[in-house]
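Source file: run28.txt. Holds: compact mmCIF, C-alpha atoms.
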```txt
# COMPACT_ATOMS: atom_id res chain seq x y z
CA MET A 1 -12.11 -55.39 21.88
CA ASN A 2 -14.77 -55.32 24.60
CA ILE A 3 -14.01 -56.06 28.25
CA ASN A 4 -16.84 -56.77 30.67
CA ALA A 5 -15.57 -55.60 34.05
CA THR A 6 -18.21 -57.49 36.05
CA GLY A 7 -16.50 -59.58 38.70
CA LEU A 8 -12.97 -58.40 37.85
CA ASP A 9 -10.75 -56.72 40.43
CA TYR A 10 -8.65 -53.81 39.26
CA LYS A 11 -5.52 -55.89 38.78
CA GLU A 12 -7.29 -58.39 36.53
CA LEU A 13 -8.97 -55.59 34.60
CA ASN A 14 -5.72 -53.76 33.97
CA GLU A 15 -3.94 -56.95 32.93
CA MET A 16 -6.62 -57.54 30.32
CA LEU A 17 -6.39 -53.93 29.16
CA ARG A 18 -2.61 -54.12 28.74
CA SER A 19 -3.04 -57.06 26.37
CA VAL A 20 -5.28 -54.99 24.06
CA ARG A 21 -3.86 -53.24 21.03
CA GLY A 22 -5.53 -50.09 19.75
CA THR A 23 -9.15 -49.53 20.75
CA CYS A 24 -11.05 -51.02 23.68
CA ASN A 25 -14.43 -50.66 25.40
CA ILE A 26 -14.66 -51.42 29.12
CA ASN A 27 -18.25 -52.00 30.20
CA ASP A 28 -20.03 -52.39 33.55
CA CYS A 29 -17.30 -51.14 35.87
CA LEU A 30 -18.18 -51.46 39.52
CA GLY A 31 -15.75 -49.51 41.68
CA GLN A 32 -12.46 -50.75 40.22
CA ARG A 33 -9.59 -48.39 41.08
CA PHE A 34 -6.60 -47.42 38.93
CA ILE A 35 -8.30 -48.26 35.65
CA ALA A 36 -5.84 -47.75 32.77
CA ALA A 37 -3.04 -46.84 35.17
CA GLY A 38 0.21 -46.21 33.32
CA ILE A 39 -1.01 -47.34 29.89
CA SER A 40 -0.03 -45.78 26.57
CA ASP A 41 -0.99 -45.98 22.88
CA LYS A 42 -4.60 -47.06 23.42
CA THR A 43 -8.04 -45.52 23.01
CA VAL A 44 -10.38 -46.69 25.78
CA THR A 45 -14.09 -45.96 26.31
CA ILE A 46 -15.34 -46.76 29.81
CA SER A 47 -18.83 -47.08 31.29
CA GLY A 48 -20.17 -48.03 34.72
CA ILE A 49 -19.19 -46.88 38.20
CA LEU A 50 -15.47 -46.16 38.33
CA GLY A 51 -13.25 -46.23 41.40
CA ASN A 52 -10.53 -43.72 42.30
CA ALA A 53 -7.40 -42.82 40.31
CA LEU A 54 -8.63 -43.40 36.77
CA GLY A 55 -5.68 -42.93 34.40
CA ALA A 56 -3.07 -42.60 37.13
CA TYR A 57 0.40 -42.24 35.54
CA LEU A 58 -1.23 -42.23 32.10
CA ASN A 59 1.44 -42.12 29.44
CA GLY A 60 -0.12 -41.25 26.10
CA ALA A 61 -3.49 -43.00 25.85
CA LYS A 62 -6.97 -41.50 25.40
CA LEU A 63 -9.64 -42.39 27.97
CA GLU A 64 -13.29 -41.41 27.52
CA VAL A 65 -15.72 -41.99 30.39
CA MET A 66 -19.43 -42.09 29.63
CA GLY A 67 -20.56 -40.88 33.04
CA ASN A 68 -19.14 -39.66 36.34
CA ALA A 69 -15.69 -40.41 37.73
CA GLN A 70 -14.40 -40.52 41.30
CA ASP A 71 -11.41 -38.91 43.02
CA ALA A 72 -7.88 -38.40 41.66
CA VAL A 73 -8.62 -38.70 37.94
CA GLY A 74 -5.31 -38.38 36.08
CA ASP A 75 -3.19 -38.66 39.22
CA THR A 76 0.40 -37.85 38.15
CA MET A 77 -0.41 -38.40 34.47
CA ASN A 78 2.44 -37.75 32.06
CA ASP A 79 0.65 -37.45 28.73
CA GLY A 80 -2.56 -38.34 26.92
CA THR A 81 -6.19 -37.23 27.13
CA ILE A 82 -8.99 -37.98 29.60
CA VAL A 83 -12.55 -36.97 28.71
CA ILE A 84 -15.29 -37.20 31.37
CA HIS A 85 -18.93 -36.98 30.24
CA GLY A 86 -20.14 -36.11 33.73
CA ASN A 87 -18.77 -34.86 37.04
CA VAL A 88 -15.55 -35.74 38.88
CA GLY A 89 -14.69 -36.05 42.55
CA ASP A 90 -11.83 -34.45 44.47
CA ALA A 91 -8.25 -33.91 43.28
CA VAL A 92 -8.79 -34.30 39.55
CA GLY A 93 -5.43 -33.68 37.86
CA TYR A 94 -3.48 -34.26 41.06
CA ALA A 95 0.20 -33.56 40.27
CA MET A 96 -0.42 -34.01 36.54
CA ARG A 97 2.75 -33.29 34.56
CA GLY A 98 1.39 -33.36 31.02
CA GLY A 99 -1.65 -34.22 28.94
CA ARG A 100 -5.21 -32.91 28.93
CA ILE A 101 -8.26 -33.54 31.11
CA TYR A 102 -11.69 -32.35 29.94
CA VAL A 103 -14.62 -32.51 32.37
CA GLN A 104 -18.13 -31.81 31.13
CA GLY A 105 -19.58 -31.10 34.57
CA ASN A 106 -18.38 -30.07 38.03
CA ALA A 107 -15.20 -30.92 39.92
CA GLY A 108 -14.75 -31.46 43.65
CA TYR A 109 -12.12 -30.10 46.05
CA ARG A 110 -8.50 -29.50 45.09
CA ALA A 111 -8.80 -29.78 41.33
CA GLY A 112 -5.36 -29.26 39.80
CA ILE A 113 -3.53 -29.57 43.12
CA HIS A 114 0.25 -29.67 42.59
CA MET A 115 -0.14 -29.45 38.80
CA LYS A 116 3.23 -28.79 37.22
CA ALA A 117 4.88 -28.38 33.82
CA TYR A 118 7.41 -31.13 33.16
CA LYS A 119 10.15 -30.35 30.62
CA GLU A 120 8.35 -29.34 27.40
CA LYS A 121 4.94 -30.62 28.55
CA GLN A 122 2.20 -28.17 29.54
CA PRO A 123 -0.72 -29.93 31.27
CA ALA A 124 -4.23 -28.51 30.95
CA LEU A 125 -7.39 -29.13 32.97
CA VAL A 126 -10.70 -27.82 31.56
CA ILE A 127 -13.76 -27.97 33.82
CA GLY A 128 -17.08 -27.22 32.18
CA GLY A 129 -19.08 -26.73 35.36
CA LYS A 130 -17.85 -25.31 38.65
CA ALA A 131 -14.97 -26.26 40.94
CA GLY A 132 -14.85 -26.86 44.66
CA SER A 133 -12.61 -25.27 47.28
CA PHE A 134 -8.80 -25.12 47.00
CA LEU A 135 -8.84 -25.06 43.20
CA GLY A 136 -5.23 -25.02 41.95
CA GLU A 137 -3.74 -25.50 45.41
CA TYR A 138 0.08 -25.34 45.07
CA GLN A 139 -0.23 -25.13 41.28
CA ALA A 140 3.28 -24.91 39.84
CA GLY A 141 2.61 -24.94 36.09
CA GLY A 142 0.13 -25.70 33.35
CA ILE A 143 -3.32 -24.25 32.72
CA ILE A 144 -6.60 -24.63 34.58
CA ILE A 145 -9.78 -23.38 32.88
CA VAL A 146 -13.17 -23.29 34.64
CA LEU A 147 -16.19 -22.39 32.53
CA GLY A 148 -18.94 -22.27 35.17
CA LEU A 149 -21.63 -23.79 32.97
CA ALA A 150 -23.38 -25.58 35.86
CA ASP A 151 -26.97 -24.46 36.39
CA ASN A 152 -26.91 -23.33 40.02
CA ASP A 153 -26.33 -20.17 42.04
CA LYS A 154 -22.97 -21.15 43.50
CA PRO A 155 -19.81 -19.15 42.66
CA ILE A 156 -17.64 -20.52 39.88
CA VAL A 157 -15.14 -21.73 42.51
CA GLY A 158 -15.38 -22.63 46.19
CA ASN A 159 -13.34 -21.22 49.05
CA PHE A 160 -9.57 -20.66 49.08
CA PRO A 161 -8.77 -20.88 45.35
CA THR A 162 -5.07 -20.81 44.31
CA THR A 163 -3.74 -21.32 47.85
CA GLY A 164 0.02 -21.75 47.47
CA MET A 165 -0.06 -21.17 43.69
CA HIS A 166 3.46 -20.43 42.44
CA GLY A 167 3.34 -21.20 38.72
CA GLY A 168 1.07 -21.70 35.74
CA LYS A 169 -2.16 -19.88 34.92
CA MET A 170 -5.82 -20.13 35.77
CA PHE A 171 -8.70 -18.85 33.62
CA LEU A 172 -12.14 -18.45 35.22
CA ARG A 173 -15.11 -17.61 32.99
CA SER A 174 -16.38 -14.96 35.38
CA GLU A 175 -15.51 -11.49 36.62
CA CYS A 176 -15.01 -13.18 40.01
CA LYS A 177 -16.58 -10.39 42.02
CA GLY A 178 -16.71 -11.32 45.68
CA ILE A 179 -14.18 -14.16 45.36
CA HIS A 180 -11.19 -13.79 47.68
CA PHE A 181 -7.78 -14.71 46.27
CA PRO A 182 -4.61 -14.99 48.41
CA HIS A 183 -1.94 -12.31 48.36
CA GLN A 184 0.61 -14.30 46.35
CA VAL A 185 -1.48 -14.10 43.15
CA HIS A 186 -2.83 -11.27 41.04
CA THR A 187 -5.89 -11.22 38.80
CA HIS A 188 -6.96 -9.34 35.68
CA LEU A 189 -9.51 -9.70 32.91
CA ALA A 190 -8.16 -11.65 29.95
CA ASP A 191 -6.99 -9.61 27.00
CA GLU A 192 -7.25 -10.61 23.33
CA SER A 193 -4.00 -12.58 23.28
CA GLU A 194 -4.99 -14.51 26.39
CA MET A 195 -8.37 -15.37 24.90
CA GLU A 196 -6.52 -16.73 21.87
CA GLU A 197 -4.33 -18.74 24.23
CA ILE A 198 -7.28 -20.65 25.71
CA ALA A 199 -9.24 -20.97 22.45
CA HIS A 200 -7.18 -24.03 21.51
CA TYR A 201 -8.27 -25.89 24.65
CA LEU A 202 -11.86 -24.73 24.42
CA ARG A 203 -12.11 -25.84 20.80
CA ARG A 204 -11.46 -29.42 21.94
CA PHE A 205 -13.88 -29.01 24.84
CA CYS A 206 -16.60 -27.94 22.39
CA PHE A 207 -15.78 -30.89 20.13
CA TYR A 208 -16.24 -33.38 22.97
CA PHE A 209 -19.31 -31.88 24.60
CA GLY A 210 -21.18 -30.00 21.88
CA HIS A 211 -20.79 -26.40 23.05
CA ASP A 212 -20.34 -23.34 20.85
CA LEU A 213 -16.83 -21.86 20.96
CA LYS A 214 -17.91 -18.32 20.14
CA GLU A 215 -20.50 -18.41 22.91
CA LEU A 216 -17.90 -19.54 25.44
CA LEU A 217 -15.42 -16.87 24.42
CA ASP A 218 -18.05 -14.13 24.31
CA HIS A 219 -17.80 -13.73 28.07
CA PRO A 220 -15.16 -12.17 30.35
CA PHE A 221 -12.49 -14.46 31.78
CA THR A 222 -10.51 -13.67 34.91
CA VAL A 223 -6.85 -14.65 34.66
CA VAL A 224 -5.08 -15.68 37.88
CA MET A 225 -1.28 -15.81 38.01
CA PRO A 226 1.41 -15.83 40.71
CA ASP A 227 2.57 -12.37 41.73
CA SER A 228 6.35 -12.18 41.33
CA ARG A 229 6.43 -9.15 43.64
CA ASN A 230 4.77 -11.09 46.46
CA PRO A 231 5.82 -14.71 45.90
CA TYR A 232 4.48 -17.71 47.69
CA ARG A 233 6.83 -18.78 50.46
CA GLN A 234 7.05 -22.53 50.99
CA MET A 235 6.10 -23.85 54.39
CA TYR A 236 8.55 -26.75 54.10
CA VAL A 237 12.24 -26.72 53.25
CA ALA A 238 14.61 -29.63 52.62
CA ASN A 239 16.96 -30.61 55.43
```
For this file, produce the structure as structure tokens.
Amino acid sequence: MNINATGLDYKELNEMLRSVRGTCNINDCLGQRFIAAGISDKTVTISGILGNALGAYLNGAKLEVMGNAQDAVGDTMNDGTIVIHGNVGDAVGYAMRGGRIYVQGNAGYRAGIHMKAYKEKQPALVIGGKAGSFLGEYQAGGIIIVLGLADNDKPIVGNFPTTGMHGGKMFLRSECKGIHFPHQVHTHLADESEMEEIAHYLRRFCFYFGHDLKELLDHPFTVVMPDSRNPYRQMYVAN
């Protein structure tokens, strides 16, 4: 089924999408927010100019965006796959609890903020380009991979990466010289077993975007993990 999003507000668009079974193309989006929020068991290809919170609370569908996406892609998603053939704004993967997000290009501030593992689910965010400041802020679980394939002279991540990180792992395709990490994490170059760990995610990334897996893996990765000897101390406690 094809849906032309011209003239539809986000509520109308999502109502139409919920009535679709199986596969759907959404064309000519113009700023609609919350596209595909909470849906499951569908495969959706989207084109146009998307609004914020694409795939919020996604619950098992596959979304493929033929272009850029805005802020909060995959906000609190539970399961499923989001593939972005372009760049994303801030807070991609915000509080995601499961599923996979693959971004061909760059990501803005706070990618993977509050990412967590929920029960048996292990969320993963793979960014092909570079990430902005506060990458993995308060990360509590899951995997973030940044490949740094963008063609510019900027570092692979912006300022203050892993602030408040207290779970999960981060893999940066760089030796990360000159990048300052906070005291509650430690870093090391990935060993053979860790490279095998991320190969599964990178294989899918290569499938979607046409990269060579061997070429991606033939480069040092820095692994960032919480330091159990110097744990992050929460700023807020329950009353």
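A straight line drawn from atom CA of Gly142 of chain A to atom CA of Pro226 of chain A is 12.4 Å long.
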Computed gap from atom CA of Pro182 of chain A to atom CA of Glu137 of chain A is 11.0 Å
Q: Considering only C-alpha atoms, return as JSON, numbers by chain whatever protein or nucleic-acid residues lie within 9 Å of segment 221-224 of chain A, sequence-local ones (same chain, fewer than 2 positions apart) excluded.
A: {"A": [147, 162, 168, 169, 170, 171, 172, 173, 174, 175, 176, 181, 185, 186, 187, 188, 189, 190, 191, 194, 195, 217, 219, 226]}
How close does each residue of segment 96-121 of chain A get to segment 83-88 of chain A, giving the shortest atom pair and distance in Å to one decimal for every residue with an atom at most 12 Å away, counting all atoms listed in the file, sorted by chain and residue number, as a Markdown table?
```
| residue | atom | partner | partner_atom | distance |
| --- | --- | --- | --- | --- |
| A:Gly99 | CA | A:Val83 | CA | 11.2 |
| A:Arg100 | CA | A:Val83 | CA | 8.4 |
| A:Ile101 | CA | A:Val83 | CA | 6.0 |
| A:Tyr102 | CA | A:Val83 | CA | 4.9 |
| A:Val103 | CA | A:Ile84 | CA | 4.8 |
| A:Gln104 | CA | A:His85 | CA | 5.3 |
| A:Gly105 | CA | A:Asn87 | CA | 4.6 |
| A:Asn106 | CA | A:Asn87 | CA | 4.9 |
| A:Ala107 | CA | A:Val88 | CA | 4.9 |
| A:Gly108 | CA | A:Val88 | CA | 6.5 |
| A:Tyr109 | CA | A:Val88 | CA | 9.7 |
| A:Arg110 | CA | A:Val88 | CA | 11.3 |
| A:Ala111 | CA | A:Val88 | CA | 9.3 |
```
Practice item. Please provide the set of residues having any atom within 6 Å of segment 57-67 of chain A, restricted to all atoms listed in the file, with same-chain residues fewer than 4 positions apart removed, written as a list in words. Key: Ala37, Gly38, Ile39, Ser40, Asp41, Lys42, Thr43, Val44, Thr45, Ile46, Ser47, Thr76, Met77, Asn78, Asp79, Gly80, Thr81, Ile82, Val83, Ile84, His85 and Gly86 of chain A
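The two atoms in question, atom CA of Ile144 of chain A and atom CA of Leu125 of chain A, are spaced 4.8 Å apart.
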Among A:Ile127, A:His200, A:Gly136, A:Asn14, Gly148 of chain A is approached most closely, using all atoms listed in the file, by A:Ile127
Next on the checklist: Just checking: using all atoms listed in the file, which residue out of A:Pro123, A:Asn4, A:Gly128, A:Glu192 ends up closest to Leu216 of chain A?
Outcome noted: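 That would be A:Gly128, the residue with the smallest distance to Leu216 of chain A.
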